[in-house]
$ cat coords-v5.cif   # mmCIF, C-alpha atoms
data_target
loop_
_atom_site.label_atom_id
_atom_site.label_comp_id
_atom_site.auth_asym_id
_atom_site.auth_seq_id
_atom_site.Cartn_x
_atom_site.Cartn_y
_atom_site.Cartn_z
CA MET A 1 101.09 116.55 114.72
CA TYR A 2 104.12 114.66 113.46
CA PHE A 3 107.39 115.01 115.36
CA SER A 4 110.80 114.09 114.00
CA LEU A 5 114.04 114.05 115.95
CA PHE A 6 117.08 115.64 114.36
CA LEU A 7 120.47 114.52 115.70
CA GLY A 8 122.36 117.76 115.19
CA PRO A 9 124.63 118.30 118.21
CA GLY A 10 127.63 120.57 118.19
CA VAL A 11 130.81 119.85 120.11
CA ARG A 12 133.74 121.91 121.37
CA GLY A 13 136.36 119.44 120.21
CA PRO A 14 137.24 115.75 119.89
CA HIS A 15 136.84 115.19 123.64
CA GLU A 16 133.07 115.55 123.18
CA ASP A 17 132.64 113.44 120.03
CA ARG A 18 131.79 110.19 121.78
CA ARG A 19 129.46 111.84 124.28
CA ALA A 20 127.53 113.56 121.48
CA ILE A 21 127.26 110.38 119.41
CA THR A 22 126.16 108.12 122.29
CA LEU A 23 123.69 110.69 123.62
CA GLY A 24 122.21 111.00 120.14
CA ILE A 25 121.80 107.22 119.84
CA GLU A 26 120.15 107.11 123.26
CA GLN A 27 117.75 109.87 122.25
CA ALA A 28 116.97 108.25 118.90
CA ILE A 29 115.89 105.03 120.62
CA ALA A 30 113.81 107.00 123.13
CA ALA A 31 112.14 108.98 120.33
CA ASP A 32 111.24 105.76 118.55
CA ALA A 33 109.61 104.42 121.73
CA ALA A 34 107.79 107.72 122.34
CA GLY A 35 106.03 107.74 118.97
CA PHE A 36 108.16 110.14 116.94
CA THR A 37 107.51 109.86 113.22
CA ALA A 38 111.17 109.82 112.21
CA VAL A 39 114.75 110.15 113.35
CA TYR A 40 116.99 112.22 111.08
CA VAL A 41 120.76 112.39 110.79
CA GLY A 42 122.78 114.94 108.85
CA GLU A 43 126.16 115.30 107.22
CA GLN A 44 128.83 117.81 108.18
CA HIS A 45 132.60 117.92 107.84
CA PHE A 46 135.51 119.57 109.68
CA ASN A 47 133.40 121.99 111.73
CA ASN A 48 132.47 120.46 115.15
CA TYR A 49 128.82 120.13 114.09
CA GLU A 50 127.17 116.68 113.84
CA PRO A 51 130.45 115.00 114.80
CA TYR A 52 129.42 111.60 113.42
CA ALA A 53 130.06 113.34 110.03
CA ASP A 54 128.76 110.57 107.75
CA GLY A 55 124.99 110.52 108.03
CA LEU A 56 124.54 107.42 105.89
CA THR A 57 126.86 105.39 108.14
CA MET A 58 125.09 106.70 111.23
CA ALA A 59 121.76 105.81 109.66
CA ALA A 60 122.95 102.25 108.99
CA PHE A 61 123.83 101.89 112.66
CA LEU A 62 120.38 103.13 113.73
CA ALA A 63 118.48 101.08 111.16
CA GLY A 64 118.49 97.95 113.31
CA ARG A 65 117.58 99.81 116.48
CA LEU A 66 114.45 101.73 115.46
CA ARG A 67 111.31 99.64 115.63
CA ARG A 68 108.61 102.05 114.39
CA ALA A 69 110.09 105.41 113.45
CA TYR A 70 111.21 106.23 109.94
CA LEU A 71 114.89 106.95 109.44
CA GLY A 72 115.98 109.92 107.37
CA THR A 73 118.83 112.16 106.31
CA SER A 74 118.59 115.90 106.68
CA VAL A 75 120.38 116.51 104.55
CA ILE A 76 123.03 114.88 102.35
CA PRO A 77 124.85 117.52 100.24
CA LEU A 78 124.43 115.57 97.03
CA VAL A 79 126.90 117.70 95.09
CA LEU A 80 129.76 116.19 97.11
CA HIS A 81 128.88 112.58 96.24
CA HIS A 82 128.77 110.13 93.38
CA PRO A 83 125.06 109.76 92.58
CA LEU A 84 125.14 106.00 91.98
CA PHE A 85 126.76 105.33 95.34
CA VAL A 86 124.15 107.46 97.13
CA ALA A 87 121.38 105.59 95.31
CA GLU A 88 122.86 102.21 96.30
CA ARG A 89 123.20 103.17 99.96
CA ALA A 90 119.69 104.59 100.04
CA ASN A 91 118.38 101.29 98.65
CA LEU A 92 120.23 99.35 101.33
CA LEU A 93 118.82 101.56 104.09
CA ASP A 94 115.37 101.15 102.57
CA GLN A 95 115.79 97.38 102.78
CA LEU A 96 117.15 97.49 106.33
CA THR A 97 114.18 99.54 107.52
CA GLY A 98 111.48 97.78 105.51
CA GLY A 99 110.68 100.91 103.53
CA ARG A 100 110.91 103.32 106.46
CA PHE A 101 113.75 105.40 105.03
CA ILE A 102 113.62 108.88 103.51
CA LEU A 103 116.66 110.34 101.79
CA GLY A 104 116.86 114.10 102.28
CA MET A 105 119.27 115.77 99.84
CA SER A 106 120.28 119.32 99.00
CA SER A 107 122.70 121.28 96.87
CA GLY A 108 124.52 122.23 100.08
CA ARG A 109 125.93 125.54 101.22
CA PRO A 110 129.45 126.90 100.60
CA ARG A 111 130.67 126.16 104.12
CA GLU A 112 129.66 122.50 103.75
CA GLY A 113 132.22 122.16 101.00
CA LYS A 114 135.00 123.94 102.85
CA ALA A 115 138.36 122.24 102.22
CA TRP A 116 136.68 119.94 99.69
CA HIS A 117 137.33 119.68 96.00
CA LYS A 118 134.06 121.54 95.34
CA HIS A 119 134.47 124.32 97.85
CA ASP A 120 134.46 127.07 95.22
CA LEU A 121 131.20 126.20 93.45
CA ALA A 122 128.92 129.18 92.96
CA PRO A 123 125.25 128.77 94.00
CA ALA A 124 124.11 128.39 90.40
CA GLN A 125 126.73 125.70 89.80
CA ARG A 126 125.69 123.81 92.93
CA ALA A 127 122.04 123.95 91.91
CA ARG A 128 122.84 122.68 88.40
CA LEU A 129 125.02 119.86 89.76
CA PHE A 130 122.32 118.83 92.22
CA ASP A 131 119.72 118.59 89.46
CA GLN A 132 122.09 116.58 87.27
CA LYS A 133 122.93 114.10 90.02
CA LEU A 134 119.33 113.64 91.10
CA GLU A 135 118.40 112.91 87.50
CA VAL A 136 121.14 110.24 87.34
CA MET A 137 119.77 108.67 90.53
CA LEU A 138 116.22 108.59 89.18
CA ARG A 139 117.42 106.99 85.96
CA ALA A 140 119.46 104.42 87.89
CA TRP A 141 116.53 103.57 90.17
CA ALA A 142 114.34 102.97 87.10
CA HIS A 143 117.01 100.97 85.25
CA ARG A 144 116.89 97.20 84.79
CA ALA A 145 119.80 94.96 83.81
CA SER A 146 117.89 93.93 80.69
CA ASP A 147 117.89 97.58 79.56
CA GLY A 148 121.60 97.37 78.74
CA PRO A 149 124.34 99.73 79.99
CA LEU A 150 123.22 103.03 81.51
CA GLU A 151 125.44 105.92 80.46
CA PHE A 152 125.46 109.08 82.56
CA ALA A 153 127.30 112.35 82.82
CA THR A 154 127.28 115.33 85.17
CA ASP A 155 129.59 118.32 85.33
CA ASP A 156 131.95 116.34 87.57
CA GLU A 157 131.21 112.64 86.93
CA HIS A 158 130.67 110.43 83.94
CA GLY A 159 130.55 106.72 83.32
CA VAL A 160 128.50 103.65 82.55
CA MET A 161 126.49 101.43 84.90
CA GLU A 162 126.42 97.86 83.66
CA GLY A 163 124.08 95.40 85.31
CA ARG A 164 121.59 96.53 87.94
CA MET A 165 121.37 98.73 90.99
CA MET A 166 121.79 96.55 94.06
CA PRO A 167 120.24 95.95 96.33
CA ALA A 168 116.85 96.88 94.93
CA SER A 169 114.95 99.25 97.18
CA TYR A 170 112.19 97.91 99.41
CA ARG A 171 109.82 100.49 97.98
CA ARG A 172 109.44 100.57 94.24
CA PRO A 173 110.75 102.14 92.16
CA HIS A 174 112.93 103.84 94.78
CA PRO A 175 113.07 104.89 98.45
CA LEU A 176 111.27 107.95 99.66
CA TYR A 177 113.34 111.05 99.01
CA ALA A 178 113.01 114.75 99.71
CA ILE A 179 114.69 117.91 98.49
CA GLY A 180 116.04 120.17 101.21
CA THR A 181 115.45 123.75 100.12
CA ASN A 182 114.20 127.10 101.35
CA THR A 183 113.97 128.67 97.90
CA PRO A 184 110.41 129.40 96.68
CA ALA A 185 111.21 128.62 93.05
CA LYS A 186 112.71 125.23 93.98
CA ILE A 187 109.78 124.45 96.28
CA ALA A 188 107.33 125.21 93.47
CA GLU A 189 109.33 123.06 91.05
CA ALA A 190 109.35 120.17 93.52
CA GLY A 191 105.60 120.55 93.93
CA ARG A 192 105.04 120.36 90.18
CA ARG A 193 107.16 117.20 90.05
CA GLY A 194 105.42 115.65 93.06
CA GLN A 195 108.63 115.55 95.08
CA LYS A 196 108.83 115.82 98.85
CA VAL A 197 110.44 118.89 100.43
CA HIS A 198 112.25 119.57 103.70
CA LEU A 199 112.45 123.13 105.03
CA GLY A 200 114.79 124.92 107.40
CA PRO A 201 113.66 127.13 110.30
CA PHE A 202 110.87 129.61 109.56
CA ASP A 203 108.40 131.71 111.51
CA PRO A 204 104.79 130.46 111.21
CA THR A 205 103.80 133.06 108.61
CA GLY A 206 106.83 132.44 106.41
CA ALA A 207 106.49 128.67 106.66
CA ALA A 208 102.76 128.82 105.90
CA ARG A 209 103.45 130.90 102.80
CA LEU A 210 105.82 128.24 101.48
CA ALA A 211 103.43 125.41 102.38
CA THR A 212 100.69 127.15 100.41
CA LEU A 213 103.02 127.58 97.43
CA TYR A 214 103.96 123.90 97.62
CA ARG A 215 100.35 122.71 97.87
CA THR A 216 99.19 124.95 95.06
CA SER A 217 102.02 123.78 92.79
CA MET A 218 101.06 120.15 93.35
CA GLN A 219 97.37 120.83 92.76
CA GLU A 220 97.99 122.78 89.57
CA ALA A 221 100.17 119.95 88.27
CA GLY A 222 97.26 117.56 88.76
CA HIS A 223 98.81 115.28 91.36
CA PRO A 224 96.35 112.99 93.16
CA ALA A 225 94.98 114.13 96.49
CA GLY A 226 96.61 111.20 98.30
CA LEU A 227 100.08 112.15 97.12
CA ILE A 228 99.51 115.81 98.01
CA GLN A 229 98.44 114.85 101.52
CA GLU A 230 101.42 112.52 101.93
CA ASN A 231 103.90 115.13 100.72
CA LEU A 232 102.47 117.83 103.00
CA GLY A 233 102.86 115.38 105.88
CA TRP A 234 106.60 115.14 105.13
CA LEU A 235 107.05 118.93 104.83
CA VAL A 236 109.24 119.12 107.92
CA HIS A 237 110.50 122.44 109.29
CA THR A 238 113.28 122.72 111.82
CA LYS A 239 113.23 123.96 115.43
CA LEU A 240 115.62 123.83 118.34
CA VAL A 241 113.51 123.06 121.41
CA LEU A 242 114.13 123.28 125.14
CA VAL A 243 111.43 122.43 127.69
CA GLY A 244 111.53 123.28 131.40
CA GLU A 245 109.06 122.82 134.23
CA THR A 246 108.32 126.54 133.94
CA ASP A 247 109.13 129.29 131.47
CA ASP A 248 111.58 130.81 133.94
CA GLU A 249 113.44 127.52 134.36
CA ALA A 250 113.63 126.90 130.61
CA TRP A 251 115.06 130.35 129.91
CA LYS A 252 117.60 130.00 132.71
CA VAL A 253 118.88 126.78 131.13
CA ALA A 254 118.82 128.32 127.67
CA GLU A 255 120.87 131.28 128.88
CA HIS A 256 123.56 128.88 130.09
CA LEU A 257 123.53 126.70 126.98
CA LEU A 258 123.47 129.47 124.41
CA THR A 259 125.44 132.32 125.98
CA GLY A 260 127.26 130.88 129.00
CA PRO A 261 131.02 130.84 129.64
CA MET A 262 131.40 127.27 128.37
CA VAL A 263 130.10 128.19 124.91
CA ILE A 264 133.08 128.67 122.60
CA ALA A 265 131.07 130.15 119.72
CA PRO A 266 128.00 131.80 121.27
CA TRP A 267 124.78 131.36 119.34
CA VAL A 268 123.51 134.74 120.43
CA ARG A 269 124.73 138.20 119.52
CA ARG A 270 123.27 141.40 120.95
CA ASP A 271 121.94 143.97 118.54
CA PRO A 272 122.81 147.64 119.21
CA GLY A 273 121.16 148.77 122.42
CA GLN A 274 120.83 145.24 123.80
CA ASP A 275 124.00 145.13 125.90
CA GLY A 276 123.32 143.21 129.08
CA TRP A 277 119.92 141.99 127.91
CA PRO A 278 119.08 138.43 128.95
CA LEU A 279 118.17 135.97 126.23
CA ARG A 280 114.48 136.00 127.07
CA LYS A 281 114.21 139.77 126.72
CA ILE A 282 115.85 139.60 123.28
CA TYR A 283 113.41 136.87 122.27
CA GLU A 284 110.39 138.85 123.43
CA ALA A 285 111.47 142.14 121.83
CA ASP A 286 109.89 143.37 118.59
CA PRO A 287 111.53 141.08 116.00
CA GLY A 288 110.98 143.27 112.96
CA GLU A 289 111.19 141.45 109.63
CA PHE A 290 111.96 137.74 109.50
CA ALA A 291 114.60 136.60 107.04
CA PRO A 292 114.34 133.49 104.90
CA ALA A 293 115.55 130.36 106.67
CA MET A 294 119.17 130.75 105.60
CA GLY A 295 118.87 134.22 104.20
CA ALA A 296 119.45 137.89 104.81
CA PRO A 297 120.41 139.38 108.19
CA GLU A 298 117.63 139.96 110.68
CA SER A 299 117.32 141.08 114.27
CA GLN A 300 118.56 138.70 116.94
CA GLY A 301 115.02 138.48 118.28
CA ALA A 302 113.75 137.37 114.88
CA TYR A 303 116.51 134.78 114.61
CA LEU A 304 115.66 133.32 118.01
CA ARG A 305 111.93 133.17 117.29
CA ARG A 306 112.51 131.60 113.88
CA THR A 307 114.87 128.89 115.08
CA MET A 308 113.95 128.10 118.71
CA VAL A 309 111.02 127.10 120.92
CA ILE A 310 111.80 127.57 124.62
CA GLY A 311 109.53 127.39 127.65
CA SER A 312 107.25 125.31 129.83
CA PRO A 313 105.26 122.41 128.37
CA GLU A 314 102.26 124.71 127.99
CA THR A 315 104.28 127.37 126.17
CA VAL A 316 106.05 124.93 123.87
CA ALA A 317 102.81 123.13 123.02
CA ALA A 318 101.10 126.42 122.15
CA GLU A 319 103.95 127.55 119.89
CA LEU A 320 104.07 124.24 118.04
CA ALA A 321 100.27 124.24 117.67
CA ALA A 322 100.58 127.57 115.85
CA TYR A 323 102.52 125.78 113.11
CA ARG A 324 99.98 122.97 112.95
CA ASP A 325 97.17 125.52 112.62
CA ALA A 326 99.13 127.25 109.84
CA GLY A 327 99.14 124.00 107.85
CA LEU A 328 102.55 122.69 108.90
CA PRO A 329 101.91 119.63 111.07
CA HIS A 330 105.43 118.09 110.94
CA VAL A 331 108.17 119.61 113.11
CA HIS A 332 111.82 118.63 112.91
CA LEU A 333 113.25 119.03 116.43
CA ARG A 334 116.76 119.39 117.82
CA PHE A 335 117.06 118.70 121.54
CA ILE A 336 120.85 118.54 121.92
CA PHE A 337 122.76 121.81 121.61
CA GLY A 338 125.30 123.81 123.55
CA PRO A 339 127.86 122.41 126.02
CA LEU A 340 127.58 118.69 126.74
CA ASP A 341 128.97 118.84 130.29
CA ASP A 342 125.62 117.77 131.78
CA PRO A 343 123.70 115.45 129.42
CA ASP A 344 120.88 115.26 131.96
CA VAL A 345 119.88 118.77 130.90
CA PHE A 346 118.89 117.40 127.51
CA ARG A 347 117.34 114.25 128.97
CA ARG A 348 115.05 116.31 131.21
CA SER A 349 113.97 118.54 128.34
CA PHE A 350 113.27 115.57 126.10
CA ARG A 351 111.32 113.75 128.82
CA LEU A 352 109.15 116.81 129.47
CA PHE A 353 108.49 117.03 125.75
CA THR A 354 107.40 113.41 125.38
CA ASP A 355 105.46 113.27 128.66
CA GLU A 356 103.77 116.67 128.64
CA VAL A 357 104.04 118.45 125.30
CA MET A 358 103.12 115.63 122.93
CA PRO A 359 99.86 114.74 124.73
CA ARG A 360 98.82 118.40 124.63
CA VAL A 361 99.12 118.78 120.88
CA GLY A 362 98.35 115.21 119.81
CA VAL A 363 100.54 112.82 117.84
CA ASP A 364 99.73 111.49 114.38
CA THR A 365 101.22 108.37 112.83
CA MET A 366 102.72 108.20 109.35
CA THR A 367 101.45 105.19 107.42
CA ALA A 368 104.18 102.57 107.05
CA PRO A 369 104.59 100.66 103.76
CA GLY A 370 102.57 97.49 103.52
CA GLU A 371 103.86 94.01 102.89
CA GLY A 372 104.77 93.18 99.36
CA GLN A 373 106.03 96.62 98.30
CA GLY A 374 109.52 95.25 97.82
#
$ encode --input "coords-v5.cif" --output "structure tokens"
Amino acid sequence: MYFSLFLGPGVRGPHEDRRAITLGIEQAIAADAAGFTAVYVGEQHFNNYEPYADGLTMAAFLAGRLRRAYLGTSVIPLVLHHPLFVAERANLLDQLTGGRFILGMSSGRPREGKAWHKHDLAPAQRARLFDQKLEVMLRAWAHRASDGPLEFATDDEHGVMEGRMMPASYRRPHPLYAIGTNTPAKIAEAGRRGQKVHLGPFDPTGAARLATLYRTSMQEAGHPAGLIQENLGWLVHTKLVLVGETDDEAWKVAEHLLTGPMVIAPWVRRDPGQDGWPLRKIYEADPGEFAPAMGAPESQGAYLRRTMVIGSPETVAAELAAYRDAGLPHVHLRFIFGPLDDPDVFRRSFRLFTDEVMPRVGVDTMTAPGEGQG
């Protein structure tokens, strides 16, 4: 399997910002040493989630500290940015990492634009703007100074690029990039275009259905087998993970982190009839129908199963192996969540994962770019 680390902590206020950032850097370096495929950073604003806010700046800091792991963004809400500036920064990160950078981008969600100049964009407008800006980036990456000025226009930007994109990317013609989406139509479109895709949290059946759609779309478009295999290897799907020595210990910690008195905005609600139920009982109850990753309401049990993996090393390894067996070998893992009063809670969980879970399921290595690709 491939394992990627996602630095997506939440904080309760500015007093926890530095602790979250430094703990994330510590964990990124440990993940690199442990054989993780990639370390991902995100982008959030004004909401106490991912308090480093600017994922591209955080990635630049990590670029000189990761020796083997790829470095990625998951995800940049492209609609909020000027496409040429994103392309330039992606090229720089590609150079700094020697081609081990992957730019994850999406059209964003309404709350990601809250208090921004684009906060009122409807979903269809965001999707259109994303496609426009990605097209500008692809044109800019392919452009040469000898081609003359490059004119571009989107619904919110227009201008002319004179000269060349600099720096050039290490990979040619551009860095690796992926589209963050949970929408079947967009996944199929990306497959037809040979583009990489990043998914949110799904149950094994739902994720396998999308992986099959993605693979079939690439095959029907006639993409070479090597590209199809590479793209399926980057089809990450997201999980929050907590490992304890035993199942009982893991659930006790999870109860504190997700529902305890120090949690300002509890992750867990109780459905009717579940008053007083512990977290583990909710998780093990009949989940009913699973919703799409960011979609319609579902039972709390379904939400927990779709987003979290909690238990002993044996339990966690078995649950992750179910995704591998369903054709989804790359898991995107969050280890830091809940109150940050005791960072050793997250260190213990991470250590158990690297020492006991990874050997149980096996770790694959993503091929790094060879010399001379720049």
$ atom_distance --input "coords-v5.cif" --atom1 "CA of Met166 in chain A" --atom2 "CA of Ile25 in chain A"
27.9 Å
$ atom_distance --input "coords-v5.cif" --atom1 "CA of Trp141 in chain A" --atom2 "CA of Met165 in chain A"
6.9 Å
$ closest_residue --input "coords-v5.cif" --among "A:Trp234, A:His223, A:Pro123, A:Val253" --to "Asp342 in chain A" --atoms "all atoms listed in the file"
A:Val253
$ atom_distance --input "coords-v5.cif" --atom1 "CA of His237 in chain A" --atom2 "CA of Val331 in chain A"
5.3 Å
$ residues_around --input "coords-v5.cif" --residues "Leu66 in chain A" --least-positions-apart "6" --cutoff "9 Å" --atoms "all atoms listed in the file" --output "number ranges by chain"
A: 28-29, 32-33, 39, 97
$ closest_residue --input "coords-v5.cif" --among "A:His45, A:Lys281, A:Arg360, A:His82" --to "Ala318 in chain A" --atoms "only C-alpha atoms"
A:Arg360
$ residues_around --input "coords-v5.cif" --residues "Pro329 in chain A" --least-positions-apart "4" --cutoff "12 Å" --atoms "all atoms listed in the file" --output "number ranges by chain"
A: 1-4, 37, 204, 207-208, 211, 229-238, 320-325, 361-366
$ residues_around --input "coords-v5.cif" --residues "Asp203 in chain A" --least-positions-apart "4" --cutoff "8 Å" --atoms "all atoms listed in the file" --output "MDAnalysis selection string"
chainID A and resid 207 290 305:307
$ closest_residue --input "coords-v5.cif" --among "A:Ser299, A:Thr354, A:Ser106, A:Asn47" --to "Ala317 in chain A" --atoms "all atoms listed in the file"
A:Thr354
$ residues_around --input "coords-v5.cif" --residues "Gly194 in chain A" --least-positions-apart "3" --cutoff "8 Å" --atoms "all atoms listed in the file" --output "list in words"
Ala190, Gly191, Met218, His223, Leu227, Ile228 and Asn231 of chain A
$ write_last_selection --input "coords-v5.cif" --atoms "C-alpha atoms" --output "mmCIF file, in the frame of the given file"
data_model
loop_
_atom_site.group_PDB
_atom_site.id
_atom_site.type_symbol
_atom_site.label_atom_id
_atom_site.label_comp_id
_atom_site.auth_asym_id
_atom_site.auth_seq_id
_atom_site.Cartn_x
_atom_site.Cartn_y
_atom_site.Cartn_z
ATOM 1 C CA ALA A 190 109.350 120.170 93.520
ATOM 2 C CA GLY A 191 105.600 120.550 93.930
ATOM 3 C CA MET A 218 101.060 120.150 93.350
ATOM 4 C CA HIS A 223 98.810 115.280 91.360
ATOM 5 C CA LEU A 227 100.080 112.150 97.120
ATOM 6 C CA ILE A 228 99.510 115.810 98.010
ATOM 7 C CA ASN A 231 103.900 115.130 100.720
#
$ closest_residue --input "coords-v5.cif" --among "A:Gly244, A:Pro369, A:Gly288, A:Pro278" --to "Ile310 in chain A" --atoms "all atoms listed in the file"
A:Gly244
$ residues_around --input "coords-v5.cif" --residues "Phe130 in chain A" --least-positions-apart "5" --cutoff "10 Å" --atoms "only C-alpha atoms" --output "PyMOL selection string"
chain A and resi 77-81+83+105-108+124-125+135-136+154+179
$ write_last_selection --input "coords-v5.cif" --atoms "C-alpha atoms" --output "short mmCIF file (atom, residue, chain, number, x, y, z; two decimals), in the coordinates of the input"
data_model
loop_
_atom_site.label_atom_id
_atom_site.label_comp_id
_atom_site.auth_asym_id
_atom_site.auth_seq_id
_atom_site.Cartn_x
_atom_site.Cartn_y
_atom_site.Cartn_z
CA PRO A 77 124.85 117.52 100.24
CA LEU A 78 124.43 115.57 97.03
CA VAL A 79 126.90 117.70 95.09
CA LEU A 80 129.76 116.19 97.11
CA HIS A 81 128.88 112.58 96.24
CA PRO A 83 125.06 109.76 92.58
CA MET A 105 119.27 115.77 99.84
CA SER A 106 120.28 119.32 99.00
CA SER A 107 122.70 121.28 96.87
CA GLY A 108 124.52 122.23 100.08
CA ALA A 124 124.11 128.39 90.40
CA GLN A 125 126.73 125.70 89.80
CA GLU A 135 118.40 112.91 87.50
CA VAL A 136 121.14 110.24 87.34
CA THR A 154 127.28 115.33 85.17
CA ILE A 179 114.69 117.91 98.49
#
